[in-house]
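S.K.: Here it is, the structure in full.
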Amino acid sequence: MMGENGTYNAFGVLTVVSCAICLVGCVQAVPPDLVAAVEAIDQDLIALRAPETAPEEYGQFVRQWALLKARTQLDDELIRWPWESSDLESDLRWLYVMGERTVSQLHDRQVSQQRAIQARVIRLEEQLRSVAARIEAIDGRILLGEKGLQTDLLVKQARSFLEQKDYPRAMQAAEKADHALKVQTSLLSQELGRYAEESRITYWQTLAKQTIDWSRMHQATAIVVDKAERELTLYKSGRKVLSYPVRLGFNGMLEKQFQGDGATPEGRYHVTDRRGQGQTQFYRALALDYPNVEDRRRFQLAKRSGKIPSSKGIGGQIEIHGADNEQLAQTLGCIMLDNPNMAALYERVPVGTPVTIVGALTKKNAVASTLAQLDRGKEEI
Amino acid sequence: MARRVTIVSIALTLALTAGCADPPNQQIQEAEKALKEAQESGAATYSAEEYAKLEGTLAAMRKEVSDQEGKFGLFRDYGKAQQLSASAKAESDRIKTATVQKKEEAKAAALQAQQVAEEAVRATQDLVAKAPVGKDRAAVEAIRNDVEGLKSLLKQVQASIDKEDFPAAQTQAKAIHDMSQAVSTEIQNALAKVGKGKSGRRK
């Protein structure tokens, strides 16, 4: 009996020991935190847009990860003896290291891209400010119409996307803004390019010279207005007597075409009337004979060719006058002087005085220089 | 002898036939379809990261299939490709649902921004309407021109909403709002300069 009991006891002890060894000795094939770490690497890769920016590396990672993930779910791979090596764990560790390396590379690349986009947006904002100031200086804002606002909108959009960390869209908006800046510069060159045309400047110089020669020949006064420099010069017997800054129409750099366009006319005119105190709302005024014969001929031609809408009139009442409101920077097309200057001019100018209004008198005039600066800026964009 | 050769041949043929795996075409097609549906739902815009992951998974699946196809028939194994396609299919359904929600949120934000921008432009317009029409018109002419431009830019916001590009619509509306406020300030400064308007003259 004892022997039989002893055998049972020995068998029982052996069973318990075996179970204990099994329970204590069997370990999980894959540490759960390793699986979580690889999962986190996958998330990091996604956050770094690895599928777009590193498709090769990410593809390799995903294929390996899909395979290993499936293996972690197989029961026979989950438990092993402590002395058994785990291929699955080794593979996961390798994948983790590989993924981590890709994450690090992509992070560095992304940081440098973000800096580049940020720098580009900042540069764009500076360019826009500088271009806007130059355009304002040559009264080009109206000329651009909606285009200036469109560029501003795109630059602001680039800034918004940048702040939202949507770098691809920020870049896209920045590229569009670059293009819009170039377009508006081209449009200005097209509209005001005549200020840089040698033949046109020679023509204007000839007009001014003839006026000064006339003054010398007739021992009389004559006026030359240089629109680009916004300057009025009075000549007496062919000699410069005085020179004053002037303000022009709100579209003053353009050649006047029709009523309400805000342009200041160009050509040879004469003072037709002197309006003193109480005769004008602009302190003192010298009325000009705009439109003259040449203006009417040009106007009719433009109307016939459809360049001017048939409903438009030619306009009139162009004057050299003082300021009713000293704060106004522009006129509707007239030439405006500060009142003390207007008083001095008014005293010296009789009816019949020739007034020649030209675009520019030198090749390096203010408008041509601004256009050149804008053009250089366009190259830099 | 001849009988043994026949048995070996049959065994080899059976092994080869059984061993030549076919690509899981149906699953691949389903995964591709799911990607397309996710893309059509706007996932690339509204669930960009998840969509990128989906695209990455599909790319990995295509590569895997192509790698397997390059192997000798007996060694082909499309198990990994099957796992990838199944994972892509499941992910795409989740992404589509999340995208619908995010898109609705973006739409609401864009519409609100549009409304704010429209109100700002209207307020600017009202200010311009108070500007003088006489000789002092010159002071506000460039501003008037800008207000017309702003009204036109509002159409771009609507166009973006129509295209369901709500993030673009929102940034456009915000920019127009800011620009409108800047123009309003400019008008107020100009109006302060010109004071009371006077009657118009021919120019």
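We name chains A, B, ... following the order of the structure tokens; residues begin at 1 in each chain, and ligands are numbered from 1 as shown.
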If you count only C-alpha atoms, which residues fall within 7 Å of segment 173-180 of chain A, apart from same-chain ones fewer than 3 positions away, as a list in words?
M.R.: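 The filter keeps Val121, Thr151, Leu154, Val155, Gln157, Ala158, Arg169, Ala170, Val183, Gln184 and Ile381 of chain A.
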S.K.: Would you output that residue set with C-alpha atoms, as a PDB file, in the first residue's frame?
M.R.:
```pdb
ATOM      1  CA  VAL A 121       6.108  83.211 -46.791  1.00  0.00           C
ATOM      2  CA  THR A 151      -1.958  88.802 -54.642  1.00  0.00           C
ATOM      3  CA  LEU A 154      -2.889  84.600 -51.755  1.00  0.00           C
ATOM      4  CA  VAL A 155      -0.129  85.808 -49.450  1.00  0.00           C
ATOM      5  CA  GLN A 157      -3.791  82.401 -47.458  1.00  0.00           C
ATOM      6  CA  ALA A 158      -0.201  81.141 -47.439  1.00  0.00           C
ATOM      7  CA  ARG A 169      -1.081  74.122 -49.062  1.00  0.00           C
ATOM      8  CA  ALA A 170       1.007  76.983 -47.676  1.00  0.00           C
ATOM      9  CA  VAL A 183       1.538  89.136 -63.320  1.00  0.00           C
ATOM     10  CA  GLN A 184       0.857  92.472 -61.644  1.00  0.00           C
ATOM     11  CA  ILE A 381      10.720  85.969 -56.891  1.00  0.00           C
TER      12      ILE A 381
END
```
S.K.: Among segment 68-307 of chain A, which residues does DSSP mark as helix (DSSP H, G or I) when it is run on the backbone? Keep the chain and numbering as in the structure and answer as a PyMOL selection string.
M.R.: chain A and resi 68-72+75-78+87-137+141-144+147-163+167-196+198-217+293-304
S.K.: Would you list which chain A residues are within 8 Å of chain B using only C-alpha atoms, as a PyMOL selection string?
M.R.: chain A and resi 46-47+49-52+55+58-60+62-63+66-67+70+141-142+145-146+149-150+153-154+156-157+160-161+249-250+259-260+262+315-318+325+327-334
S.K.: List the spatial neighbours of Leu143 of chain A as a count of residues only - criterion: any atom at most 12 Å away, only C-alpha atoms, same-chain residues fewer than 3 positions off excluded.
M.R.: 29
S.K.: If you count only C-alpha atoms, which residues fall within 6 Å of segment 338-353 of chain A, apart from same-chain ones fewer than 4 positions away, as a list in words?
M.R.: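 Close residues of segment 338-353 of chain A: Ala222, His270, Val271, Thr272, Asp273, Gly322 and Ala323 of chain A.
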S.K.: Go ahead and dump the residues you just picked, C-alpha atoms, as a PDB file, in the first residue's frame.
M.R.:
```pdb
ATOM      1  CA  ALA A 222       5.874 129.092 -70.336  1.00  0.00           C
ATOM      2  CA  HIS A 270      -2.533 127.137 -73.054  1.00  0.00           C
ATOM      3  CA  VAL A 271      -3.883 129.029 -70.090  1.00  0.00           C
ATOM      4  CA  THR A 272      -7.329 130.133 -71.170  1.00  0.00           C
ATOM      5  CA  ASP A 273      -8.499 131.777 -67.975  1.00  0.00           C
ATOM      6  CA  GLY A 322      -4.414 125.341 -55.541  1.00  0.00           C
ATOM      7  CA  ALA A 323      -5.671 123.084 -52.807  1.00  0.00           C
TER       8      ALA A 323
END
```
S.K.: Would you pick out the contacts of Ile335 of chain A at 8 Å or less, using only C-alpha atoms, so that residues sharing its chain but fewer than 3 positions from it are not included, and give the list as an mmCIF file with N, CA and C atoms, in the first residue's frame?
M.R.:
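Printed below is selection-v9.cif as written:
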```
data_model
loop_
_atom_site.group_PDB
_atom_site.id
_atom_site.type_symbol
_atom_site.label_atom_id
_atom_site.label_comp_id
_atom_site.auth_asym_id
_atom_site.auth_seq_id
_atom_site.Cartn_x
_atom_site.Cartn_y
_atom_site.Cartn_z
ATOM 1 N N VAL A 246 3.933 118.948 -57.651
ATOM 2 C CA VAL A 246 2.491 118.964 -57.953
ATOM 3 C C VAL A 246 1.853 117.621 -57.595
ATOM 4 N N ARG A 247 0.546 117.654 -57.457
ATOM 5 C CA ARG A 247 -0.226 116.415 -57.302
ATOM 6 C C ARG A 247 -1.070 116.255 -58.557
ATOM 7 N N LEU A 248 -1.223 115.010 -58.993
ATOM 8 C CA LEU A 248 -1.915 114.753 -60.266
ATOM 9 C C LEU A 248 -3.217 113.987 -60.021
ATOM 10 N N GLY A 249 -3.831 113.528 -61.114
ATOM 11 C CA GLY A 249 -5.073 112.758 -61.026
ATOM 12 C C GLY A 249 -4.851 111.417 -60.334
ATOM 13 N N THR A 264 -4.221 112.476 -66.056
ATOM 14 C CA THR A 264 -3.861 113.865 -66.339
ATOM 15 C C THR A 264 -3.410 113.924 -67.800
ATOM 16 N N ILE A 318 -9.856 120.969 -67.115
ATOM 17 C CA ILE A 318 -8.550 120.647 -66.528
ATOM 18 C C ILE A 318 -7.865 121.971 -66.177
ATOM 19 N N GLU A 319 -7.388 122.026 -64.963
ATOM 20 C CA GLU A 319 -6.784 123.273 -64.475
ATOM 21 C C GLU A 319 -5.472 122.995 -63.740
ATOM 22 N N ILE A 320 -4.728 124.086 -63.606
ATOM 23 C CA ILE A 320 -3.638 124.074 -62.618
ATOM 24 C C ILE A 320 -4.227 124.865 -61.460
ATOM 25 N N HIS A 321 -4.382 124.231 -60.328
ATOM 26 C CA HIS A 321 -5.055 124.957 -59.243
ATOM 27 C C HIS A 321 -4.420 124.721 -57.877
ATOM 28 N N THR A 331 -5.951 114.358 -57.463
ATOM 29 C CA THR A 331 -7.057 115.133 -58.035
ATOM 30 C C THR A 331 -7.845 114.213 -58.968
#
```
S.K.: Residues of segment 114-263 of chain A in strand (DSSP E or B) according to DSSP, as a PyMOL selection string?
M.R.: chain A and resi 221-226+231-236+239-245+247+249
S.K.: Skip Lys69 of chain A itself and residues of its chain fewer than 2 positions away, then list as a JSON list (two decimals) with N, CA and C atoms, in the first residue's frame all residues within 12 Å of it, counting only C-alpha atoms.
M.R.:
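Below you can see selection-v2.json, which holds the result:
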```json
[["chain", "number", "residue", "atom", "x", "y", "z"],
["A", 30, "VAL", "N", 6.63, 37.82, -27.46],
["A", 30, "VAL", "CA", 6.82, 39.23, -27.83],
["A", 30, "VAL", "C", 6.39, 40.12, -26.67],
["A", 32, "PRO", "N", 4.68, 42.97, -24.97],
["A", 32, "PRO", "CA", 3.61, 43.82, -25.52],
["A", 32, "PRO", "C", 4.07, 45.26, -25.76],
["A", 34, "LEU", "N", 6.82, 46.20, -26.90],
["A", 34, "LEU", "CA", 7.54, 46.28, -28.17],
["A", 34, "LEU", "C", 6.55, 46.46, -29.33],
["A", 35, "VAL", "N", 5.44, 45.71, -29.25],
["A", 35, "VAL", "CA", 4.40, 45.83, -30.28],
["A", 35, "VAL", "C", 3.84, 47.26, -30.26],
["A", 36, "ALA", "N", 3.61, 47.76, -29.04],
["A", 36, "ALA", "CA", 3.08, 49.13, -28.91],
["A", 36, "ALA", "C", 4.07, 50.15, -29.46],
["A", 38, "VAL", "N", 6.26, 49.69, -31.88],
["A", 38, "VAL", "CA", 6.26, 49.65, -33.36],
["A", 38, "VAL", "C", 5.00, 50.35, -33.88],
["A", 39, "GLU", "N", 3.90, 50.10, -33.16],
["A", 39, "GLU", "CA", 2.64, 50.77, -33.54],
["A", 39, "GLU", "C", 2.81, 52.29, -33.48],
["A", 42, "ASP", "N", 4.69, 53.57, -36.38],
["A", 42, "ASP", "CA", 3.80, 53.65, -37.56],
["A", 42, "ASP", "C", 3.03, 54.97, -37.51],
["A", 61, "PHE", "N", 8.26, 49.31, -44.62],
["A", 61, "PHE", "CA", 7.86, 49.22, -43.21],
["A", 61, "PHE", "C", 6.47, 48.58, -43.10],
["A", 62, "VAL", "N", 5.55, 49.07, -43.93],
["A", 62, "VAL", "CA", 4.17, 48.59, -43.84],
["A", 62, "VAL", "C", 4.07, 47.10, -44.16],
["A", 63, "ARG", "N", 4.79, 46.70, -45.19],
["A", 63, "ARG", "CA", 4.71, 45.27, -45.58],
["A", 63, "ARG", "C", 5.24, 44.39, -44.45],
["A", 64, "GLN", "N", 6.35, 44.81, -43.88],
["A", 64, "GLN", "CA", 6.95, 44.03, -42.80],
["A", 64, "GLN", "C", 6.05, 44.04, -41.56],
["A", 65, "TRP", "N", 5.48, 45.22, -41.29],
["A", 65, "TRP", "CA", 4.64, 45.39, -40.11],
["A", 65, "TRP", "C", 3.37, 44.55, -40.23],
["A", 66, "ALA", "N", 2.80, 44.50, -41.43],
["A", 66, "ALA", "CA", 1.58, 43.70, -41.63],
["A", 66, "ALA", "C", 1.86, 42.23, -41.35],
["A", 67, "LEU", "N", 3.00, 41.79, -41.83],
["A", 67, "LEU", "CA", 3.37, 40.37, -41.65],
["A", 67, "LEU", "C", 3.59, 40.06, -40.17],
["A", 71, "ARG", "N", 1.70, 37.72, -37.26],
["A", 71, "ARG", "CA", 2.39, 36.67, -36.49],
["A", 71, "ARG", "C", 2.17, 36.85, -34.99],
["A", 72, "THR", "N", 2.09, 38.11, -34.55],
["A", 72, "THR", "CA", 1.88, 38.33, -33.11],
["A", 72, "THR", "C", 0.51, 37.82, -32.67],
["A", 73, "GLN", "N", -0.39, 37.67, -33.66],
["A", 73, "GLN", "CA", -1.74, 37.22, -33.32],
["A", 73, "GLN", "C", -1.88, 35.69, -33.37],
["A", 74, "LEU", "N", -0.83, 35.04, -33.82],
["A", 74, "LEU", "CA", -0.87, 33.57, -33.86],
["A", 74, "LEU", "C", -0.49, 33.02, -32.49],
["A", 77, "GLU", "N", 3.02, 31.51, -31.63],
["A", 77, "GLU", "CA", 4.19, 32.40, -31.55],
["A", 77, "GLU", "C", 4.19, 33.20, -30.25],
["A", 78, "LEU", "N", 3.08, 33.08, -29.50],
["A", 78, "LEU", "CA", 2.94, 33.95, -28.34],
["A", 78, "LEU", "C", 3.71, 33.48, -27.11],
["A", 88, "LEU", "N", 10.38, 36.28, -33.87],
["A", 88, "LEU", "CA", 9.39, 37.34, -34.01],
["A", 88, "LEU", "C", 9.85, 38.60, -33.27],
["A", 89, "GLU", "N", 10.36, 38.39, -32.07],
["A", 89, "GLU", "CA", 10.84, 39.54, -31.29],
["A", 89, "GLU", "C", 12.01, 40.22, -32.01],
["A", 91, "ASP", "N", 12.64, 40.17, -35.18],
["A", 91, "ASP", "CA", 12.15, 40.87, -36.37],
["A", 91, "ASP", "C", 11.48, 42.18, -36.00],
["A", 92, "LEU", "N", 10.71, 42.13, -34.89],
["A", 92, "LEU", "CA", 10.03, 43.37, -34.46],
["A", 92, "LEU", "C", 11.04, 44.42, -34.04],
["A", 95, "LEU", "N", 12.51, 45.93, -37.07],
["A", 95, "LEU", "CA", 11.54, 46.82, -37.70],
["A", 95, "LEU", "C", 11.45, 48.14, -36.93],
["B", 80, "LYS", "N", 0.88, 37.95, -47.45],
["B", 80, "LYS", "CA", 1.13, 39.31, -46.97],
["B", 80, "LYS", "C", 0.24, 40.31, -47.73],
["B", 83, "GLN", "N", -3.18, 40.19, -46.34],
["B", 83, "GLN", "CA", -3.29, 40.92, -45.07],
["B", 83, "GLN", "C", -3.37, 42.42, -45.31],
["B", 84, "LEU", "N", -2.51, 42.89, -46.23],
["B", 84, "LEU", "CA", -2.49, 44.33, -46.52],
["B", 84, "LEU", "C", -3.81, 44.80, -47.12],
["B", 87, "SER", "N", -6.46, 44.87, -44.44],
["B", 87, "SER", "CA", -6.24, 45.99, -43.52],
["B", 87, "SER", "C", -6.66, 47.31, -44.19]]
```
S.K.: Calculate how many Å separate atom CA of Glu91 of chain B from atom CA of Ala43 of chain B, rounding to one decimal.
M.R.: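 Atom-to-atom, atom CA of Glu91 of chain B and atom CA of Ala43 of chain B are spaced 11.7 Å apart.
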